[in-house]
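Report on the following structure.
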Number of protein chains: 6
Amino acid sequence: MLYRFLKAFDERFGFETAKAHCDIPCGIYDPIMAQIPALTVVRMIDLMNDLESKGGEKGREYYNTFSRYVAVKEDHAEKAKHEIRVIWGDYVKAQHIEAHPDLPALAHKIMQFGSKTRQTTDRQAAVDFVEAINQFAEIFWATKNVKTKRAKAPYAPALELVYPDL
Amino acid sequence: MLYRFLKAFDERFGFETAKAHCDIPCGIYDPIMAQIPALTVVRMIDLMNDLESKGGEKGREYYNTFSRYVAVKEDHAEKAKHEIRVIWGDYVKAQHIEAHPDLPALAHKIMQFGSKTRQTTDRQAAVDFVEAINQFAEIFWATKNVKTKRAKAPYAPALELVYPDL
Amino acid sequence: MLYRFLKAFDERFGFETAKAHCDIPCGIYDPIMAQIPALTVVRMIDLMNDLESKGGEKGREYYNTFSRYVAVKEDHAEKAKHEIRVIWGDYVKAQHIEAHPDLPALAHKIMQFGSKTRQTTDRQAAVDFVEAINQFAEIFWATKNVKTKRAKAPYAPALELVYPDL
Amino acid sequence: MLYRFLKAFDERFGFETAKAHCDIPCGIYDPIMAQIPALTVVRMIDLMNDLESKGGEKGREYYNTFSRYVAVKEDHAEKAKHEIRVIWGDYVKAQHIEAHPDLPALAHKIMQFGSKTRQTTDRQAAVDFVEAINQFAEIFWATKNVKTKRAKAPYAPALELVYPDL
Amino acid sequence: MLYRFLKAFDERFGFETAKAHCDIPCGIYDPIMAQIPALTVVRMIDLMNDLESKGGEKGREYYNTFSRYVAVKEDHAEKAKHEIRVIWGDYVKAQHIEAHPDLPALAHKIMQFGSKTRQTTDRQAAVDFVEAINQFAEIFWATKNVKTKRAKAPYAPALELVYPDL
Amino acid sequence: MLYRFLKAFDERFGFETAKAHCDIPCGIYDPIMAQIPALTVVRMIDLMNDLESKGGEKGREYYNTFSRYVAVKEDHAEKAKHEIRVIWGDYVKAQHIEAHPDLPALAHKIMQFGSKTRQTTDRQAAVDFVEAINQFAEIFWATKNVKTKRAKAPYAPALELVYPDL
């Protein structure tokens, strides 16, 4: 039903349904701009774990370092969420949702996991965040008829990312 | 169907479905933070019209002024879109969509009108942008059991805005 | 005396004393853009209190959360101060100070309370910050011949805010 | 009268009247952070003049260049205004105004000239902006018992700036 | 000689020469964060060309659109330059320059082309900018023992980008 | 050798080798824009020391304050690094390096010390950061035939800064 409404709306108001309708930059959406920040969130949590395992007194060097990890985790979680919000809000059209009916729920998951990675230092939530964005990327590239593949990112944490298979 | 999926997801993963689940600031969402920027977009177009009607040579004072209007229109359209994206992405939950099934399509409209107001100097698109955000605000306040009213904004352009009736 | 100097200056240099002379956006000043951030500062302190009362070990989840509250408190205190500085610097004219001679001192109070809310986690300073901005809002709307009313904000912390009575 | 109120207020609420009470960075205010941006505004207008005098067709290279000058002029005028607003709002105390009763009016002038340099491409307004900030700097350094001197800035436009005489 | 100095310096002051020494995010440098913005610069110039070829009167819709292209070109050229400056400044160490003695000159080229793409609407300069960053990316990945490949970017303008071969 | 390559490159591609080739603002580079932030980094560490010496329980007021110092230290270290990266990337040309062959290594030192001041609360690293930037400033002014002098900054921490002798 959502699909039918959106299709009718787009046709009536003359918005192009075929291509990425951007505010500009035009047409250049790439989920990697969300995937790298999401990976950075996992990285920050791994660094927090390393810091913990060092042990020792929790003096000011500890808190200087820990604060910086929290700040970078925060910024990058927001960055990843922002990139997905923009693709979701500006690129996704009626025919995409018709072809991929799970897309709205996936966008919802991404936002939820993104919030959780900010509010906690839970590595699993951050890994789930990366994976949900991977799934979104798969669908995104499919809408552009671009095949994808999975490969380990070439930097720590070497999680699997979905890449366009070029 | 979307509602059922989201409800199941939220219950399984332990996300609160009752309150505004924020990344923080917690719970403080107010559509006025999108409505005022949207109104500013209309204002910039009105100023462009005033500039045109002055006539005269289009020299550098004209372009200095016109460029500034374009830049402010751009910033404020993005600001309004961003505020709605965040409420849409972080606040809206399964039960909201069940109660207001037009909400997803309305969010889509807002994004589309927002893009159009950036890409053109069309006043109607900007007025539609304000009105779509008004409708979103009405639903937002309804989800919080807050009555709303419409009143003219106390500054030019004195369009109607939806306000919480406090 | 301040009033007489400013009036003479404005008349000599040809600046309009009647309307909000903006850099642009033109004429759209709304103290709500300062009031909501100031309320958010109180909210962050309330969240800090909640965190304290949970008790328990102050481990990394505590510091992740606490750091985030500090950062948001910081940003929103600056945001509120900035909005008032701009209205004070760009909108307030000679005749406003003549009609409301306490305006300069009130602006000074706002800046001082704003600094204090950043430097401490003192809820009273934050509540004073909100109230000083409320008084500034009352005067602001009076200069525009707009009646005001007080009502509890429709979100926690439900402090009284001054609203234009539309 | 303003002085007496501020002094009483500061004493009652326990704000230090002696040193620069900052939000942090603490104590490091330097008007050069406003003077250099203000000089940049003049520079942009000089570049606009150079562009005009080249003559020729006003094609897209002209507008690419002119738009960039407008944008930089805009950013730097705001930057200069912001720096002065912060010193004015956070540093200036009761005893400063008592010693320099023209300080409020000077701050007002700076804001007005700053707005004018954004709204026009008038070089005199930009030069007045630089000079008003120079006068503010003189008073600022006087409040810190630091002698000042005037010298031509070591870059175009080589206007006189007020410098601390170190 | 540069190599010998840097090596001695790093050894004396205890900076790790082996891994990417980041300010944080730690270790996650990816030239794609510069390549996509650089491609966007070319895209903006292509859109300018499209706009020109439409012909017609250069009224306000033209200038609204053209100004937006200039602004996005500006932001993305700076973004690309910034990403390269950070990798150049924080990642590149003595042994990298020894292995790739053309690296400093290549960084210089990137900055020069980046400036040129901002100051003009010359497509070739923008294409050169993309290619210089491609060469930088090749060397970057080589320093990490990651093979690269070239492939057309999956969006307009479909120029070749250097990608890690994962 | 680096000098010869850069000179050849600049001559071939038509970039001016004589003046500061800016993206704009044109020609207005001033290392003070890096020196003041670097001094602020030292200041934050001094404030951390003051906080420590107060002793007492490390409760929430301590962490509110300490977090703020970390955040400001972080921002200002990046600010200083950014300003130097831009001068290094956009201003420094072949003939500058020929006249001052230690310039590349000095830029490297600045980046390294800047990173260290962020990653630790080590005052010496911050003092080294200021001094390395001072040396860069000396060379910068020398390339512009402007004499320099050293003097204590007129605010805490009153370290020596290199100033143009105007």
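FYI, nothing fancy with the structure tokens labels: chains A, B, ... in order, residues from 1 per chain, ligands from 1 as they appear.
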Report as an MDAnalysis selection string: the residues of stretch 25-153 of chain B with a DSSP assignment of helix (DSSP H, G or I), based on the backbone of this structure. chainID B and resid 32:54 60:91 94:99 103:119 123:143
So which residues touch F:Thr148 within 9 Å, counting only C-alpha atoms, skipping near sequence neighbours fewer than 6 positions away, as a PyMOL selection string? chain F and resi 137-138+141-142+162-166
Please return, as a PyMOL selection string, all residues of chain C lying within 7 Å of chain B when only C-alpha atoms are considered. chain C and resi 25+27-28+40+72+151+155+166
What would the file look like if the residues just selected were written as a CSV table (one decimal), in the first residue's frame with C-alpha atoms?
```csv
chain,number,residue,atom,x,y,z
C,25,PRO,CA,17.5,35.2,7.7
C,27,GLY,CA,13.3,39.3,10.5
C,28,ILE,CA,13.0,35.7,11.7
C,40,THR,CA,18.0,20.6,27.2
C,72,VAL,CA,25.4,17.6,25.0
C,151,ALA,CA,3.2,27.4,30.0
C,155,TYR,CA,8.5,17.6,27.4
C,166,LEU,CA,-0.8,33.4,19.1
```
Sel. of strand (DSSP E) residues, stretch 14-156 of chain E, as a ChimeraX atom specification: /E:148-152
Would you write out those residues with N, CA, C and O atoms, as a PDB file, in the first residue's frame?
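That gives us result02.pdb:
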```
ATOM      1  N   THR E 148      45.899  -3.172  -5.488  1.00  0.00           N
ATOM      2  CA  THR E 148      44.826  -2.306  -5.973  1.00  0.00           C
ATOM      3  C   THR E 148      44.422  -2.686  -7.391  1.00  0.00           C
ATOM      4  O   THR E 148      45.117  -3.438  -8.068  1.00  0.00           O
ATOM      5  N   LYS E 149      43.294  -2.157  -7.778  1.00  0.00           N
ATOM      6  CA  LYS E 149      42.822  -2.324  -9.151  1.00  0.00           C
ATOM      7  C   LYS E 149      42.151  -1.015  -9.541  1.00  0.00           C
ATOM      8  O   LYS E 149      41.806  -0.197  -8.671  1.00  0.00           O
ATOM      9  N   ARG E 150      41.948  -0.828 -10.826  1.00  0.00           N
ATOM     10  CA  ARG E 150      41.214   0.356 -11.291  1.00  0.00           C
ATOM     11  C   ARG E 150      39.891  -0.124 -11.875  1.00  0.00           C
ATOM     12  O   ARG E 150      39.839  -1.149 -12.536  1.00  0.00           O
ATOM     13  N   ALA E 151      38.870   0.675 -11.597  1.00  0.00           N
ATOM     14  CA  ALA E 151      37.551   0.353 -12.145  1.00  0.00           C
ATOM     15  C   ALA E 151      36.754   1.640 -12.238  1.00  0.00           C
ATOM     16  O   ALA E 151      37.026   2.606 -11.511  1.00  0.00           O
ATOM     17  N   LYS E 152      35.779   1.633 -13.136  1.00  0.00           N
ATOM     18  CA  LYS E 152      34.941   2.817 -13.267  1.00  0.00           C
ATOM     19  C   LYS E 152      34.048   2.927 -12.037  1.00  0.00           C
ATOM     20  O   LYS E 152      33.426   1.949 -11.615  1.00  0.00           O
TER      21      LYS E 152
END
```
12 Å contact set for F:Phe113, only C-alpha atoms, chain neighbours under 5 positions out, as an MDAnalysis selection string: (chainID E and resid 9:10 13:15 21:23 89:90) or (chainID F and resid 38 41 77:78 80:81 106:108 118:133)
Could those selected residues go to a file with N, CA and C atoms, as a compact mmCIF listing (two decimals), in the first residue's frame?
```txt
# COMPACT_ATOMS: atom_id res chain seq x y z
N PHE E 9 64.39 11.36 13.51
CA PHE E 9 63.47 12.08 14.38
C PHE E 9 62.50 11.12 15.04
N ASP E 10 61.89 10.27 14.22
CA ASP E 10 60.91 9.33 14.76
C ASP E 10 61.53 8.43 15.81
N PHE E 13 62.23 10.43 19.18
CA PHE E 13 61.09 10.86 19.98
C PHE E 13 60.08 9.76 20.26
N GLY E 14 60.44 8.54 19.81
CA GLY E 14 59.62 7.42 20.22
C GLY E 14 58.30 7.28 19.50
N PHE E 15 58.18 7.89 18.31
CA PHE E 15 56.94 7.70 17.58
C PHE E 15 57.06 6.41 16.80
N HIS E 21 49.87 6.08 12.61
CA HIS E 21 49.77 6.69 13.94
C HIS E 21 48.69 7.77 13.86
N CYS E 22 47.51 7.45 14.35
CA CYS E 22 46.39 8.37 14.16
C CYS E 22 46.08 9.14 15.42
N ASP E 23 45.37 10.20 15.24
CA ASP E 23 44.95 11.00 16.38
C ASP E 23 43.72 10.37 17.01
N GLY E 89 49.75 14.11 6.52
CA GLY E 89 50.33 14.66 7.74
C GLY E 89 50.45 13.66 8.87
N ASP E 90 49.50 12.75 8.96
CA ASP E 90 49.47 11.85 10.12
C ASP E 90 49.89 10.42 9.84
N ALA F 38 47.41 26.32 19.74
CA ALA F 38 48.44 25.47 20.36
C ALA F 38 48.68 25.91 21.80
N VAL F 41 46.12 24.55 24.03
CA VAL F 41 46.35 23.15 24.41
C VAL F 41 47.17 23.10 25.69
N ALA F 77 43.97 21.37 19.37
CA ALA F 77 45.10 20.69 18.75
C ALA F 77 44.79 20.47 17.27
N GLU F 78 43.57 20.06 16.98
CA GLU F 78 43.19 19.87 15.57
C GLU F 78 43.20 21.19 14.82
N ALA F 80 45.04 23.84 15.36
CA ALA F 80 46.41 24.23 15.08
C ALA F 80 46.99 23.37 13.95
N LYS F 81 46.76 22.07 14.01
CA LYS F 81 47.27 21.19 12.96
C LYS F 81 46.68 21.58 11.61
N LEU F 106 60.07 19.88 9.61
CA LEU F 106 59.43 20.66 10.68
C LEU F 106 57.92 20.46 10.65
N ALA F 107 57.34 20.47 9.43
CA ALA F 107 55.90 20.23 9.32
C ALA F 107 55.56 18.84 9.88
N HIS F 108 56.43 17.88 9.61
CA HIS F 108 56.23 16.52 10.14
C HIS F 108 56.24 16.53 11.67
N ARG F 118 47.19 15.35 21.84
CA ARG F 118 45.80 14.89 21.94
C ARG F 118 45.71 13.58 22.70
N GLN F 119 46.71 12.72 22.44
CA GLN F 119 46.65 11.36 22.99
C GLN F 119 47.11 11.27 24.44
N THR F 120 47.74 12.35 24.91
CA THR F 120 48.21 12.34 26.29
C THR F 120 47.85 13.66 26.97
N THR F 121 48.20 13.75 28.26
CA THR F 121 48.05 15.04 28.95
C THR F 121 49.43 15.53 29.37
N ASP F 122 50.37 15.27 28.49
CA ASP F 122 51.79 15.56 28.72
C ASP F 122 52.09 17.01 28.34
N ARG F 123 52.41 17.83 29.34
CA ARG F 123 52.64 19.25 29.09
C ARG F 123 53.84 19.49 28.17
N GLN F 124 54.89 18.70 28.31
CA GLN F 124 56.08 18.91 27.49
C GLN F 124 55.78 18.75 26.00
N ALA F 125 54.96 17.76 25.67
CA ALA F 125 54.59 17.55 24.27
C ALA F 125 53.85 18.79 23.75
N ALA F 126 53.02 19.37 24.60
CA ALA F 126 52.27 20.55 24.20
C ALA F 126 53.19 21.76 24.04
N VAL F 127 54.16 21.88 24.92
CA VAL F 127 55.14 22.97 24.82
C VAL F 127 55.99 22.79 23.56
N ASP F 128 56.36 21.55 23.26
CA ASP F 128 57.11 21.26 22.04
C ASP F 128 56.28 21.60 20.80
N PHE F 129 55.00 21.37 20.90
CA PHE F 129 54.06 21.67 19.81
C PHE F 129 54.08 23.17 19.52
N VAL F 130 53.96 23.97 20.57
CA VAL F 130 54.00 25.43 20.43
C VAL F 130 55.33 25.86 19.81
N GLU F 131 56.42 25.30 20.29
CA GLU F 131 57.74 25.73 19.80
C GLU F 131 57.98 25.33 18.34
N ALA F 132 57.52 24.14 17.98
CA ALA F 132 57.68 23.72 16.58
C ALA F 132 56.89 24.66 15.67
N ILE F 133 55.70 25.05 16.11
CA ILE F 133 54.90 25.98 15.32
C ILE F 133 55.57 27.36 15.27
```
So how far away is atom CA of B:Gln35 from atom CA of B:Gln112, in Å?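 Atom CA of B:Gln35 lies at a distance of 15.7 Å from atom CA of B:Gln112.
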Could you jot down the atom CA of D:Arg60 to atom CA of E:Met48 separation for me, Å, one decimal place? 8.6 Å
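Our summary of the geometry notes that atom CA of A:Ala94 is positioned 9.8 Å from atom CA of B:Ala105.
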